[in-house]
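Trainee: So I've got this file, my_file01.tsv, and it contains TSV, C-alpha atoms (C1' of nucleotides):
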```tsv
chain	number	residue	atom	x	y	z
S	1	MET	CA	0.24	54.19	-38.82
S	2	ALA	CA	0.20	54.99	-35.14
S	3	THR	CA	-1.80	58.14	-35.53
S	4	THR	CA	-4.10	58.96	-32.67
S	5	ASP	CA	-6.96	57.94	-34.88
S	6	GLY	CA	-5.41	54.65	-35.81
S	7	VAL	CA	-4.69	53.82	-32.20
S	8	ALA	CA	-8.27	54.41	-31.16
S	9	ASN	CA	-9.41	52.14	-33.96
S	10	ILE	CA	-7.29	49.21	-33.02
S	11	PRO	CA	-9.79	46.43	-32.40
S	12	LEU	CA	-10.12	44.42	-29.26
S	13	VAL	CA	-10.00	40.73	-29.97
S	14	VAL	CA	-11.85	38.52	-27.52
S	15	ILE	CA	-11.42	34.76	-27.45
S	16	VAL	CA	-13.76	32.73	-25.26
S	17	GLY	CA	-14.53	29.06	-24.83
S	18	PRO	CA	-14.67	26.26	-22.30
S	19	THR	CA	-11.68	25.18	-20.30
S	20	ALA	CA	-9.11	23.15	-22.24
S	21	SER	CA	-10.55	24.20	-25.57
S	22	GLY	CA	-7.25	25.64	-26.73
S	23	LYS	CA	-7.96	29.34	-26.27
S	24	SER	CA	-4.54	30.22	-24.94
S	25	GLY	CA	-2.71	28.43	-27.70
S	26	LEU	CA	-4.78	30.23	-30.28
S	27	ALA	CA	-4.22	33.55	-28.56
S	28	VAL	CA	-0.45	33.09	-28.62
S	29	ARG	CA	-0.43	32.05	-32.24
S	30	LEU	CA	-2.57	34.99	-33.23
S	31	ALA	CA	-0.60	37.46	-31.16
S	32	LYS	CA	2.62	36.45	-32.85
S	33	GLN	CA	1.04	36.72	-36.26
S	34	VAL	CA	-0.64	40.09	-35.91
S	35	GLY	CA	1.40	41.77	-33.24
S	36	GLY	CA	-0.81	41.40	-30.23
S	37	GLU	CA	-0.58	41.21	-26.48
S	38	ILE	CA	-2.68	38.85	-24.40
S	39	ILE	CA	-4.84	39.73	-21.44
S	40	SER	CA	-5.90	36.62	-19.62
S	41	ALA	CA	-9.51	36.75	-18.44
S	42	ASP	CA	-9.26	33.95	-15.98
S	43	SER	CA	-10.28	34.19	-12.38
S	44	ARG	CA	-7.60	31.72	-11.24
S	45	SER	CA	-4.62	33.05	-13.15
S	46	VAL	CA	-4.68	36.29	-11.24
S	47	TYR	CA	-3.27	34.51	-8.19
S	48	ARG	CA	0.45	34.24	-7.71
S	49	GLY	CA	1.99	30.89	-7.08
S	50	LEU	CA	-0.65	28.62	-8.51
S	51	SER	CA	0.52	27.79	-11.97
S	52	ILE	CA	0.20	24.10	-12.62
S	53	GLY	CA	-3.26	23.50	-11.27
S	54	THR	CA	-4.75	26.49	-13.02
S	55	ALA	CA	-3.20	25.77	-16.41
S	56	LYS	CA	-1.52	29.12	-16.61
S	57	ALA	CA	0.39	30.08	-19.72
S	58	SER	CA	3.68	28.23	-19.94
S	59	PRO	CA	7.01	30.05	-19.53
S	60	GLU	CA	7.68	29.55	-23.24
S	61	ASP	CA	4.42	31.23	-24.16
S	62	LEU	CA	5.15	34.02	-21.75
S	63	ARG	CA	8.46	34.59	-23.48
S	64	LYS	CA	6.95	34.58	-26.94
S	65	VAL	CA	4.16	37.07	-26.32
S	66	PRO	CA	3.48	39.62	-23.59
S	67	HIS	CA	0.82	38.33	-21.21
S	68	TRP	CA	-1.22	40.38	-18.76
S	69	GLY	CA	-3.68	39.49	-16.07
S	70	ILE	CA	-1.45	36.85	-14.53
S	71	ASP	CA	-0.06	36.84	-10.99
S	72	LEU	CA	-1.74	40.05	-9.98
S	73	VAL	CA	-2.47	39.30	-6.33
S	74	GLU	CA	-1.41	37.09	-3.45
S	75	PRO	CA	-3.24	33.78	-3.05
S	76	ASP	CA	-5.10	35.00	-0.01
S	77	GLU	CA	-6.23	38.30	-1.48
S	78	ARG	CA	-9.61	39.09	-2.90
S	79	PHE	CA	-10.00	39.96	-6.53
S	80	SER	CA	-13.38	40.92	-7.87
S	81	ALA	CA	-14.90	41.23	-11.27
S	82	ALA	CA	-14.76	44.98	-10.78
S	83	ASP	CA	-11.05	44.76	-10.08
S	84	PHE	CA	-10.55	42.78	-13.21
S	85	GLN	CA	-12.53	45.17	-15.33
S	86	LYS	CA	-10.55	48.13	-14.12
S	87	TYR	CA	-7.30	46.33	-14.73
S	88	ALA	CA	-8.34	45.16	-18.20
S	89	PHE	CA	-9.50	48.60	-19.30
S	90	GLY	CA	-6.15	50.02	-18.28
S	91	LYS	CA	-4.20	47.32	-20.09
S	92	ILE	CA	-6.26	47.56	-23.25
S	93	ALA	CA	-5.59	51.28	-23.50
S	94	GLU	CA	-1.93	50.74	-22.78
S	95	ILE	CA	-1.54	48.04	-25.42
S	96	ARG	CA	-3.32	50.16	-27.99
S	97	SER	CA	-1.12	53.09	-27.20
S	98	ARG	CA	1.83	50.90	-28.15
S	99	GLY	CA	0.14	50.23	-31.47
S	100	LYS	CA	-0.40	46.59	-30.57
S	101	ILE	CA	-3.61	44.59	-30.68
S	102	PRO	CA	-5.12	43.65	-27.32
S	103	ILE	CA	-6.34	40.06	-27.16
S	104	LEU	CA	-8.63	39.27	-24.26
S	105	ALA	CA	-8.71	35.52	-23.81
S	106	GLY	CA	-10.25	33.42	-21.10
S	107	GLY	CA	-13.05	31.34	-19.75
S	108	THR	CA	-14.42	33.52	-16.98
S	109	GLY	CA	-17.59	34.78	-18.58
S	110	LEU	CA	-18.27	37.42	-15.98
S	111	TYR	CA	-14.84	38.96	-16.49
S	112	ILE	CA	-15.18	38.94	-20.24
S	113	ASP	CA	-18.64	40.47	-20.25
S	114	SER	CA	-17.71	43.11	-17.72
S	115	VAL	CA	-15.21	44.37	-20.27
S	116	ILE	CA	-17.02	44.04	-23.56
S	117	TYR	CA	-20.35	45.28	-22.23
S	118	ASN	CA	-18.82	47.89	-19.99
S	119	PHE	CA	-20.56	46.78	-16.80
S	120	SER	CA	-20.99	49.62	-14.37
S	121	PHE	CA	-19.60	48.69	-11.01
S	122	SER	CA	-20.44	51.84	-9.17
S	123	GLY	CA	-19.61	52.34	-5.54
S	124	LYS	CA	-16.90	50.45	-3.81
S	125	ASP	CA	-16.41	47.10	-2.26
S	126	VAL	CA	-17.81	46.71	1.17
S	127	ASP	CA	-15.73	45.72	4.16
S	128	PHE	CA	-15.55	42.05	4.91
S	129	GLU	CA	-17.24	42.38	8.26
S	130	THR	CA	-20.49	43.50	6.68
S	131	ARG	CA	-20.31	40.76	4.11
S	132	GLU	CA	-19.39	38.24	6.75
S	133	PHE	CA	-22.25	39.34	8.96
S	134	LEU	CA	-24.79	39.11	6.16
S	135	THR	CA	-23.49	35.76	5.02
S	136	ASN	CA	-24.01	34.36	8.49
S	137	GLN	CA	-27.69	35.23	8.52
S	138	SER	CA	-30.32	32.80	7.36
S	139	ILE	CA	-31.81	33.14	3.93
S	140	ASP	CA	-35.16	34.05	5.52
S	141	TRP	CA	-33.52	36.78	7.54
S	142	LEU	CA	-31.98	38.19	4.37
S	143	HIS	CA	-35.30	38.06	2.59
S	144	THR	CA	-37.10	40.02	5.28
S	145	TYR	CA	-34.22	42.47	5.44
S	146	CYS	CA	-34.59	43.07	1.71
S	147	TYR	CA	-38.30	43.45	2.07
S	148	LYS	CA	-37.96	46.02	4.85
S	149	HIS	CA	-35.38	48.04	2.98
S	150	HIS	CA	-37.03	47.80	-0.40
S	151	ILE	CA	-34.16	45.92	-1.93
S	152	LYS	CA	-35.17	43.76	-4.80
S	153	LEU	CA	-34.31	40.09	-4.63
S	154	PRO	CA	-32.29	38.55	-7.40
S	155	GLU	CA	-34.11	36.19	-9.73
S	156	ASN	CA	-32.31	33.35	-8.05
S	157	HIS	CA	-33.41	34.37	-4.59
S	158	LEU	CA	-32.23	31.18	-2.90
S	159	ASN	CA	-28.66	31.94	-3.83
S	160	LYS	CA	-27.36	33.56	-0.69
S	161	ARG	CA	-24.39	35.19	-2.36
S	162	TYR	CA	-26.61	36.97	-4.82
S	163	VAL	CA	-28.95	38.21	-2.12
S	164	VAL	CA	-26.03	39.48	-0.07
S	165	ASN	CA	-24.61	41.20	-3.12
S	166	ASN	CA	-27.90	42.90	-3.78
S	167	ILE	CA	-27.94	44.22	-0.24
S	168	ILE	CA	-24.36	45.43	-0.37
S	169	HIS	CA	-24.79	47.16	-3.68
S	170	ALA	CA	-28.34	48.24	-3.00
S	171	ASN	CA	-27.88	51.89	-3.77
S	172	SER	CA	-25.68	51.56	-6.79
S	173	SER	CA	-27.62	50.94	-9.96
S	174	ASN	CA	-25.42	48.56	-11.83
S	175	SER	CA	-27.45	46.51	-14.19
S	176	ILE	CA	-26.87	48.52	-17.32
S	177	ARG	CA	-25.44	46.43	-20.08
S	178	GLU	CA	-24.13	48.41	-22.99
S	179	SER	CA	-23.97	46.95	-26.45
S	180	LYS	CA	-20.75	45.62	-27.79
S	181	PRO	CA	-18.53	48.27	-29.42
S	182	ASP	CA	-18.01	47.85	-33.16
S	183	ASN	CA	-14.28	47.46	-32.94
S	184	THR	CA	-14.56	44.43	-30.71
S	185	ILE	CA	-14.34	41.01	-32.31
S	186	VAL	CA	-15.61	38.16	-30.18
S	187	VAL	CA	-14.78	34.63	-31.13
S	188	GLY	CA	-15.81	31.42	-29.37
S	189	ILE	CA	-14.03	28.10	-29.61
S	190	ILE	CA	-16.45	25.30	-30.16
S	191	THR	CA	-15.28	21.82	-29.30
S	192	GLU	CA	-16.73	18.40	-29.91
S	193	ASN	CA	-17.74	16.88	-26.60
S	194	SER	CA	-15.64	13.76	-26.91
S	195	ASN	CA	-12.69	15.81	-28.06
S	196	LEU	CA	-12.96	18.15	-25.11
S	197	GLU	CA	-13.14	15.23	-22.72
S	198	TYR	CA	-9.97	13.86	-24.25
S	199	LYS	CA	-8.23	17.20	-23.91
S	200	ILE	CA	-9.32	17.56	-20.30
S	201	ASN	CA	-8.10	14.07	-19.54
S	202	THR	CA	-4.66	14.60	-20.96
S	203	ARG	CA	-4.36	17.97	-19.32
S	204	ILE	CA	-5.16	16.54	-15.90
S	205	ASP	CA	-2.60	13.80	-16.40
S	206	GLN	CA	-0.11	16.45	-17.39
S	207	MET	CA	-0.84	18.49	-14.28
S	208	PHE	CA	-0.16	15.57	-12.00
S	209	ALA	CA	2.99	14.72	-13.90
S	210	ASN	CA	4.11	18.31	-13.53
S	211	GLY	CA	3.63	18.26	-9.79
S	212	VAL	CA	0.30	19.86	-8.92
S	213	VAL	CA	0.25	17.89	-5.75
S	214	GLU	CA	3.51	19.41	-4.54
S	215	GLU	CA	2.35	22.84	-5.65
S	216	ALA	CA	-0.86	22.45	-3.69
S	217	GLU	CA	0.97	21.21	-0.62
S	218	MET	CA	3.32	24.16	-0.67
S	219	MET	CA	0.59	26.71	-1.12
S	220	ALA	CA	-1.52	25.11	1.57
S	221	LYS	CA	1.37	25.32	3.96
S	222	ALA	CA	1.88	28.98	3.21
S	223	TYR	CA	-1.70	30.19	2.90
S	224	GLY	CA	-3.98	27.43	4.12
S	225	TRP	CA	-6.49	25.40	2.18
S	226	GLY	CA	-9.18	27.98	2.66
S	227	CYS	CA	-7.57	30.82	0.77
S	228	GLU	CA	-9.15	32.33	-2.31
S	229	ALA	CA	-6.79	30.86	-4.84
S	230	MET	CA	-7.31	27.33	-3.60
S	231	THR	CA	-10.95	27.27	-4.59
S	232	GLY	CA	-9.79	26.10	-8.01
S	233	ASN	CA	-11.08	22.78	-9.23
S	234	VAL	CA	-8.13	20.55	-8.63
S	235	TYR	CA	-6.93	21.83	-5.28
S	236	ARG	CA	-9.96	20.77	-3.32
S	237	ILE	CA	-9.57	17.30	-4.69
S	238	ILE	CA	-5.85	17.18	-4.04
S	239	ARG	CA	-6.57	18.08	-0.47
S	240	ARG	CA	-8.69	14.97	-0.13
S	241	TYR	CA	-6.04	12.92	-1.87
S	242	LEU	CA	-3.43	14.12	0.61
S	243	ALA	CA	-5.80	13.29	3.45
S	244	ASP	CA	-5.91	9.72	2.09
S	245	GLU	CA	-9.56	9.92	1.27
S	246	LEU	CA	-8.84	9.15	-2.36
S	247	ASP	CA	-6.27	7.21	-4.28
S	248	LEU	CA	-4.45	8.79	-7.18
S	249	ASP	CA	-6.65	7.44	-9.96
S	250	GLU	CA	-9.78	8.43	-8.13
S	251	ALA	CA	-8.40	11.92	-7.59
S	252	LYS	CA	-7.59	12.30	-11.27
S	253	ARG	CA	-11.00	11.04	-12.22
S	254	LEU	CA	-12.68	13.59	-9.99
S	255	CYS	CA	-10.54	16.37	-11.43
S	256	VAL	CA	-11.72	15.44	-14.89
S	257	VAL	CA	-15.33	15.41	-13.75
S	258	LYS	CA	-14.89	18.84	-12.17
S	259	ASP	CA	-13.39	20.25	-15.33
S	260	LYS	CA	-16.15	18.81	-17.46
S	261	GLN	CA	-18.73	20.40	-15.20
S	262	LEU	CA	-16.90	23.69	-15.41
S	263	ALA	CA	-16.81	23.49	-19.19
S	264	LYS	CA	-20.54	22.93	-19.22
S	265	ARG	CA	-21.26	25.93	-17.03
S	266	GLN	CA	-18.98	28.07	-19.13
S	267	MET	CA	-20.86	27.06	-22.24
S	268	THR	CA	-24.18	27.85	-20.59
S	269	TRP	CA	-22.87	31.34	-20.01
S	270	PHE	CA	-21.46	31.85	-23.49
S	271	LYS	CA	-24.30	30.21	-25.39
S	272	ARG	CA	-26.68	33.04	-24.65
S	273	ASN	CA	-24.28	35.66	-25.98
S	274	ARG	CA	-25.28	36.37	-29.54
S	275	ASP	CA	-22.23	38.50	-30.27
S	276	ILE	CA	-19.95	35.49	-30.20
S	277	LYS	CA	-18.94	34.01	-33.53
S	278	TRP	CA	-18.25	30.32	-33.08
S	279	PHE	CA	-15.44	28.44	-34.80
S	280	ASP	CA	-13.14	25.52	-34.27
S	281	LEU	CA	-9.54	26.47	-33.50
S	282	GLU	CA	-8.38	26.57	-37.09
S	283	GLY	CA	-11.47	28.42	-38.26
S	284	ALA	CA	-11.09	31.00	-35.52
S	285	TYR	CA	-7.50	31.63	-36.49
S	286	THR	CA	-8.17	32.19	-40.18
S	287	PHE	CA	-11.20	34.31	-39.40
S	288	LEU	CA	-9.28	36.54	-37.02
S	289	VAL	CA	-6.25	36.93	-39.24
S	290	HIS	CA	-8.53	37.89	-42.07
S	291	GLU	CA	-10.48	40.36	-39.95
S	292	LEU	CA	-7.33	41.96	-38.61
S	293	GLY	CA	-5.67	42.01	-42.00
S	294	VAL	CA	-7.77	44.97	-43.00
S	295	THR	CA	-6.80	47.04	-40.01
S	296	PRO	CA	-4.01	49.59	-40.32
S	297	LYS	CA	-1.55	47.56	-38.32
S	298	LYS	CA	1.28	46.99	-40.79
L	1	G	C1'	-20.90	-29.76	-1.67
L	2	C	C1'	-22.63	-27.69	3.23
L	3	C	C1'	-23.54	-23.27	6.48
L	4	G	C1'	-24.12	-17.99	6.78
L	5	G	C1'	-24.86	-12.90	4.28
L	6	A	C1'	-26.35	-10.16	0.09
L	7	G	C1'	-28.87	-8.94	-4.88
L	8	U	C1'	-33.30	-1.78	-5.24
L	9	C	C1'	-33.27	3.92	-10.84
L	10	G	C1'	-25.85	4.52	-14.78
L	11	U	C1'	-23.09	3.90	-9.68
L	12	C	C1'	-23.32	3.66	-4.27
L	13	U	C1'	-27.40	3.78	-0.87
L	14	A	C1'	-32.53	4.15	2.46
L	15	G	C1'	-36.69	1.37	2.75
L	16	U	C1'	-42.22	-0.90	10.44
L	17	G	C1'	-46.62	-5.43	4.21
L	18	G	C1'	-49.96	-0.09	2.38
L	19	C	C1'	-48.97	6.36	-2.72
L	20	A	C1'	-42.37	4.88	-8.30
L	21	A	C1'	-39.82	3.82	-3.56
L	22	U	C1'	-34.76	7.64	0.54
L	23	G	C1'	-30.20	10.08	0.13
L	24	A	C1'	-25.63	10.91	-2.44
L	25	C	C1'	-22.69	10.89	-6.92
L	26	A	C1'	-22.63	10.94	-12.07
L	27	G	C1'	-25.80	12.95	-16.17
L	28	G	C1'	-29.18	16.87	-18.46
L	29	A	C1'	-31.41	21.95	-18.66
L	30	G	C1'	-30.78	26.74	-16.72
L	31	A	C1'	-29.59	31.29	-13.63
L	32	C	C1'	-25.71	34.49	-12.58
L	33	U	C1'	-23.14	42.82	-13.00
L	34	G	C1'	-18.40	42.95	-7.26
L	35	U	C1'	-15.98	35.13	-4.20
L	36	A	C1'	-17.53	33.13	-10.87
L	37	A	C1'	-12.75	27.05	-11.48
L	38	A	C1'	-17.56	30.29	-7.02
L	39	U	C1'	-22.71	29.95	-5.81
L	40	C	C1'	-27.72	28.66	-6.79
L	41	U	C1'	-32.47	26.54	-9.25
L	42	C	C1'	-35.07	22.73	-11.91
L	43	C	C1'	-35.19	17.65	-14.33
L	44	C	C1'	-33.37	12.81	-13.78
L	45	C	C1'	-37.88	4.39	-14.64
L	46	C	C1'	-41.14	4.87	-19.35
L	47	U	C1'	-45.24	7.47	-22.07
L	48	U	C1'	-48.26	11.96	-22.33
L	49	U	C1'	-48.78	18.63	-21.73
L	50	U	C1'	-50.88	17.34	-16.41
L	51	U	C1'	-52.51	17.21	-9.99
L	52	A	C1'	-52.89	11.56	-15.69
L	53	G	C1'	-51.38	6.63	-17.28
L	54	G	C1'	-47.86	2.40	-17.66
L	55	U	C1'	-43.97	-0.82	-15.90
L	56	U	C1'	-40.60	-1.62	-11.59
L	57	C	C1'	-36.75	-3.57	-6.57
L	58	G	C1'	-31.94	-10.92	-9.38
L	59	U	C1'	-35.67	-14.86	-11.73
L	60	A	C1'	-40.17	-17.80	-11.22
L	61	G	C1'	-44.01	-19.06	-8.26
L	62	G	C1'	-46.84	-18.59	-3.57
L	63	U	C1'	-49.30	-16.24	0.99
L	64	U	C1'	-52.19	-11.55	1.34
L	65	C	C1'	-57.46	-6.96	0.07
L	66	G	C1'	-52.34	-5.31	-0.73
L	67	A	C1'	-45.28	-7.72	-1.36
L	68	G	C1'	-39.05	-4.20	-2.45
L	69	U	C1'	-40.49	-5.96	2.46
L	70	C	C1'	-43.24	-12.63	4.33
L	71	C	C1'	-42.74	-18.06	2.26
L	72	U	C1'	-40.65	-21.68	-1.53
L	73	A	C1'	-37.47	-22.91	-5.48
L	74	C	C1'	-33.85	-21.39	-8.76
L	75	C	C1'	-29.77	-18.02	-10.53
L	76	U	C1'	-25.64	-14.76	-9.26
L	77	C	C1'	-22.11	-12.67	-5.83
L	78	C	C1'	-19.34	-12.36	-1.08
L	79	G	C1'	-17.58	-14.66	3.52
L	80	G	C1'	-16.82	-19.48	6.54
L	81	C	C1'	-16.33	-24.75	6.31
L	82	A	C1'	-15.04	-28.38	2.80
```
Would you kindly transcribe this structure into structure tokens?

Mentor:
Amino acid sequence: MATTDGVANIPLVVIVGPTASGKSGLAVRLAKQVGGEIISADSRSVYRGLSIGTAKASPEDLRKVPHWGIDLVEPDERFSAADFQKYAFGKIAEIRSRGKIPILAGGTGLYIDSVIYNFSFSGKDVDFETREFLTNQSIDWLHTYCYKHHIKLPENHLNKRYVVNNIIHANSSNSIRESKPDNTIVVGIITENSNLEYKINTRIDQMFANGVVEEAEMMAKAYGWGCEAMTGNVYRIIRRYLADELDLDEAKRLCVVKDKQLAKRQMTWFKRNRDIKWFDLEGAYTFLVHELGVTPKK
RNA sequence: GCCGGAGUCGUCUAGUGGCAAUGACAGGAGACUGUAAAUCUCCCCCUUUUUAGGUUCGUAGGUUCGAGUCCUACCUCCGGCA
């Protein structure tokens, strides 16, 4: 059934949800069942070398199903939402051309939305010096600069990063949000609070057992604690643990807290998206298999 | 048992006798189209919609126009001596 028409009609499956909700597991299971390939929409997984602390897909999963969006750049490189979007668009087309179903799965809401709503990132990234310079100015300075140059302030005008972004991308109109294409199925994993806390807890324990601390130490030695990839939740805490500011239990506890806070922010992002159909893991699986069953894949 | 020191919002913490009382963390609600696991905003004793009202600083009294702050007793905790 790999006619040109059929290929174009292959749906894009999108799986979102808070961290530790079981997205990846579901994606793998689904991919095996329906013949899919997974694109990870995760702002940490794009960095090489950091596997344990970012809960990247396991080697077994990687063997079972093709995964994309992992280990794309060096830990000290920059990777923007625009970069991700470009990459994802390319991969989606590629996977479809193979007659497979692309499954976009992850917890980085900005990445997900940039793909399903076709965000327009016009223009190019600006050199670091400009960004650096602007970032070093006071918020008042930035405000008057915007005023003088007729640049509109973001709604959250006290957020320096947003103001700087507005200045940098001042002459590229990029706030057009298209509506979701029909052949895109977006599913959200809903998780009971207590259950999610349990999952986060066990995952953090697992990370430490698997040697996150050593991983962090190695990466810090090679790239420094300040590099992009190390902004992940657990690494900042491990740094303090290694500096003897925290004992092991305290470090683990803080990691759990960080993850819970992340999960909350992720849900705040996803909650407002009315295109998401919410299910528990099992419900999502049966729904998706059913939806995809009617497509000309077999 | 005696001598010191301490008891403040879930936790830690600030508090010259004079506005529910500082800061941090945790928690809650949000924002977010180029760092997003980032960054930022608001709420956070109780009631009500409020610039309103009520009840607070271990407990009970007292001094004072006024007490978290001073005095007394008691309770609890931590040091030192026993």

Trainee: For region 7-18 of chain L, please output as a count of residues only all residues within 12 Å (counting all atoms listed in the file; exclusion window: fewer than 4 positions along the same chain).

Mentor: 25

Trainee: Define the interface residues of chain S facing chain L as those within 6 Å, counting only C-alpha atoms (C1' of nucleotides), and report them as a list of chain:residue names.

Mentor: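 Those within range of chain L come out as S:Ser80, S:Ala81, S:Ala82, S:Asn159, S:Ser175, S:Gly232, S:Asn233.
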
Trainee: Do you know which residues are at most 10 Å from Arg78 (chain S) counting only C-alpha atoms (C1' of nucleotides), after dropping those on the same chain fewer than 2 positions away, and could you put them as number ranges by chain?

Mentor: S: 47, 73-76, 80, 83, 227-229; L: 35

Trainee: Do you have the CA of Lys180 (chain S)-CA of Ile103 (chain S) distance handy?

Mentor: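 Between CA of Lys180 (chain S) and CA of Ile103 (chain S) the gap works out to 15.5 Å.
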
Trainee: Which distance in Å separates CA of Phe279 (chain S) and CA of Asp61 (chain S), to one decimal?

Mentor: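 Taking CA of Phe279 (chain S) as the start and CA of Asp61 (chain S) as the end point, the length is 22.7 Å.
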
Trainee: Which distance in Å separates CA of Val164 (chain S) and CA of Tyr147 (chain S), to one decimal?

Mentor: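 Those two atoms sit 13.1 Å apart.
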
Trainee: So, counting only C-alpha atoms, which residue among S:Arg161, S:Asn156, S:Pro11, S:Ser24 is closest to Asn136 (chain S)?

Mentor: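 Counting only C-alpha atoms, the residue closest to Asn136 (chain S) is S:Arg161.
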
Trainee: Using only C-alpha atoms for the distances, tell me which of S:Ile116, S:Ala263, S:Val16, S:Ile39 is nearest to Tyr87 (chain S).

Mentor: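 That would be S:Ile39, the residue with the smallest distance to Tyr87 (chain S).
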
Trainee: Considering only C-alpha atoms, state which residue in the set S:Gly224, S:Gly53, S:Gly35, S:Gly99 is at the smallest distance from Cys255 (chain S).

Mentor: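 The answer is S:Gly53, which sits nearest to Cys255 (chain S).
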
Trainee: Find the residues around Phe270 (chain S) up to 8 Å (all atoms listed in the file counted), leave out those fewer than 4 positions away in its own chain, and share them as a PDB file with C-alpha atoms, keeping the file's coordinate frame.

Mentor:
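And here's out-v4.pdb as it stands now:
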```pdb
ATOM      1  CA  VAL S  16     -13.760  32.730 -25.260  1.00  0.00           C
ATOM      2  CA  GLY S  17     -14.530  29.060 -24.830  1.00  0.00           C
ATOM      3  CA  GLY S 109     -17.590  34.780 -18.580  1.00  0.00           C
ATOM      4  CA  GLN S 266     -18.980  28.070 -19.130  1.00  0.00           C
ATOM      5  CA  ILE S 276     -19.950  35.490 -30.200  1.00  0.00           C
TER       6      ILE S 276
END
```

Trainee: Using only C-alpha atoms (C1' of nucleotides), what residues lie at most 10 Å away from (-13.8, 23.6, -9.4) (file coordinates), given as a PDB file with C-alpha atoms (C1' of nucleotides), keeping the file's coordinate frame?

Mentor:
```
ATOM      1  CA  MET S 230      -7.310  27.330  -3.600  1.00  0.00           C
ATOM      2  CA  THR S 231     -10.950  27.270  -4.590  1.00  0.00           C
ATOM      3  CA  GLY S 232      -9.790  26.100  -8.010  1.00  0.00           C
ATOM      4  CA  ASN S 233     -11.080  22.780  -9.230  1.00  0.00           C
ATOM      5  CA  VAL S 234      -8.130  20.550  -8.630  1.00  0.00           C
ATOM      6  CA  TYR S 235      -6.930  21.830  -5.280  1.00  0.00           C
ATOM      7  CA  ARG S 236      -9.960  20.770  -3.320  1.00  0.00           C
ATOM      8  CA  ILE S 237      -9.570  17.300  -4.690  1.00  0.00           C
ATOM      9  CA  CYS S 255     -10.540  16.370 -11.430  1.00  0.00           C
ATOM     10  CA  VAL S 257     -15.330  15.410 -13.750  1.00  0.00           C
ATOM     11  CA  LYS S 258     -14.890  18.840 -12.170  1.00  0.00           C
ATOM     12  CA  ASP S 259     -13.390  20.250 -15.330  1.00  0.00           C
ATOM     13  CA  LYS S 260     -16.150  18.810 -17.460  1.00  0.00           C
ATOM     14  CA  GLN S 261     -18.730  20.400 -15.200  1.00  0.00           C
ATOM     15  CA  LEU S 262     -16.900  23.690 -15.410  1.00  0.00           C
TER      16      LEU S 262
ATOM     17  C1'   A L  37     -12.750  27.050 -11.480  1.00  0.00           C
ATOM     18  C1'   A L  38     -17.560  30.290  -7.020  1.00  0.00           C
TER      19        A L  38
END
```

Trainee: Taking all atoms listed in the file into account, which of S:Lys100, S:Arg240, S:Arg253, S:His143 comes nearest Leu292 (chain S)?

Mentor: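 Smallest distance to Leu292 (chain S) is found for S:Lys100.
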
Trainee: So that I can check the surroundings of Met218 (chain S), please list as an NGL selection string every protein, DNA and RNA residue that reaches within 10 Å of it, counting only C-alpha atoms (C1' of nucleotides) and ignoring chain neighbours fewer than 5 positions away.

Mentor: :S and (49-50 or 212-213 or 223-224)

Trainee: Store the residues picked out above in a file with C-alpha atoms, as a PDB file, in the frame of the given file.

Mentor:
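Full text of out.pdb as output:
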```pdb
ATOM      1  CA  GLY S  49       1.990  30.890  -7.080  1.00  0.00           C
ATOM      2  CA  LEU S  50      -0.650  28.620  -8.510  1.00  0.00           C
ATOM      3  CA  VAL S 212       0.300  19.860  -8.920  1.00  0.00           C
ATOM      4  CA  VAL S 213       0.250  17.890  -5.750  1.00  0.00           C
ATOM      5  CA  TYR S 223      -1.700  30.190   2.900  1.00  0.00           C
ATOM      6  CA  GLY S 224      -3.980  27.430   4.120  1.00  0.00           C
TER       7      GLY S 224
END
```

Trainee: Please provide the set of residues having any atom within 12 Å of C2 (chain L), restricted to all atoms listed in the file, with same-chain residues fewer than 5 positions apart removed, written as a list in words.

Mentor: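 Answer for this query is G80, C81 and A82 of chain L.
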
Trainee: Because the input lacks atoms here, generate N, CA and C atoms for region 85-92 of chain S and report them as a PDB file, in the frame of the given file.

Mentor:
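This went into part12.pdb:
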```pdb
ATOM      1  N   GLN S  85     -12.108  44.247 -14.283  1.00  0.00           N
ATOM      2  CA  GLN S  85     -12.530  45.170 -15.330  1.00  0.00           C
ATOM      3  C   GLN S  85     -11.635  46.403 -15.369  1.00  0.00           C
ATOM      4  N   LYS S  86     -11.388  46.934 -14.220  1.00  0.00           N
ATOM      5  CA  LYS S  86     -10.550  48.130 -14.120  1.00  0.00           C
ATOM      6  C   LYS S  86      -9.154  47.851 -14.692  1.00  0.00           C
ATOM      7  N   TYR S  87      -8.621  46.728 -14.272  1.00  0.00           N
ATOM      8  CA  TYR S  87      -7.300  46.330 -14.730  1.00  0.00           C
ATOM      9  C   TYR S  87      -7.284  46.166 -16.252  1.00  0.00           C
ATOM     10  N   ALA S  88      -8.293  45.464 -16.770  1.00  0.00           N
ATOM     11  CA  ALA S  88      -8.340  45.160 -18.200  1.00  0.00           C
ATOM     12  C   ALA S  88      -8.482  46.443 -19.028  1.00  0.00           C
ATOM     13  N   PHE S  89      -9.333  47.333 -18.579  1.00  0.00           N
ATOM     14  CA  PHE S  89      -9.500  48.600 -19.300  1.00  0.00           C
ATOM     15  C   PHE S  89      -8.152  49.320 -19.408  1.00  0.00           C
ATOM     16  N   GLY S  90      -7.451  49.360 -18.292  1.00  0.00           N
ATOM     17  CA  GLY S  90      -6.150  50.020 -18.280  1.00  0.00           C
ATOM     18  C   GLY S  90      -5.184  49.367 -19.260  1.00  0.00           C
ATOM     19  N   LYS S  91      -5.138  48.047 -19.233  1.00  0.00           N
ATOM     20  CA  LYS S  91      -4.200  47.320 -20.090  1.00  0.00           C
ATOM     21  C   LYS S  91      -4.557  47.470 -21.561  1.00  0.00           C
ATOM     22  N   ILE S  92      -5.835  47.438 -21.859  1.00  0.00           N
ATOM     23  CA  ILE S  92      -6.260  47.560 -23.250  1.00  0.00           C
ATOM     24  C   ILE S  92      -5.798  48.905 -23.815  1.00  0.00           C
TER      25      ILE S  92
END
```
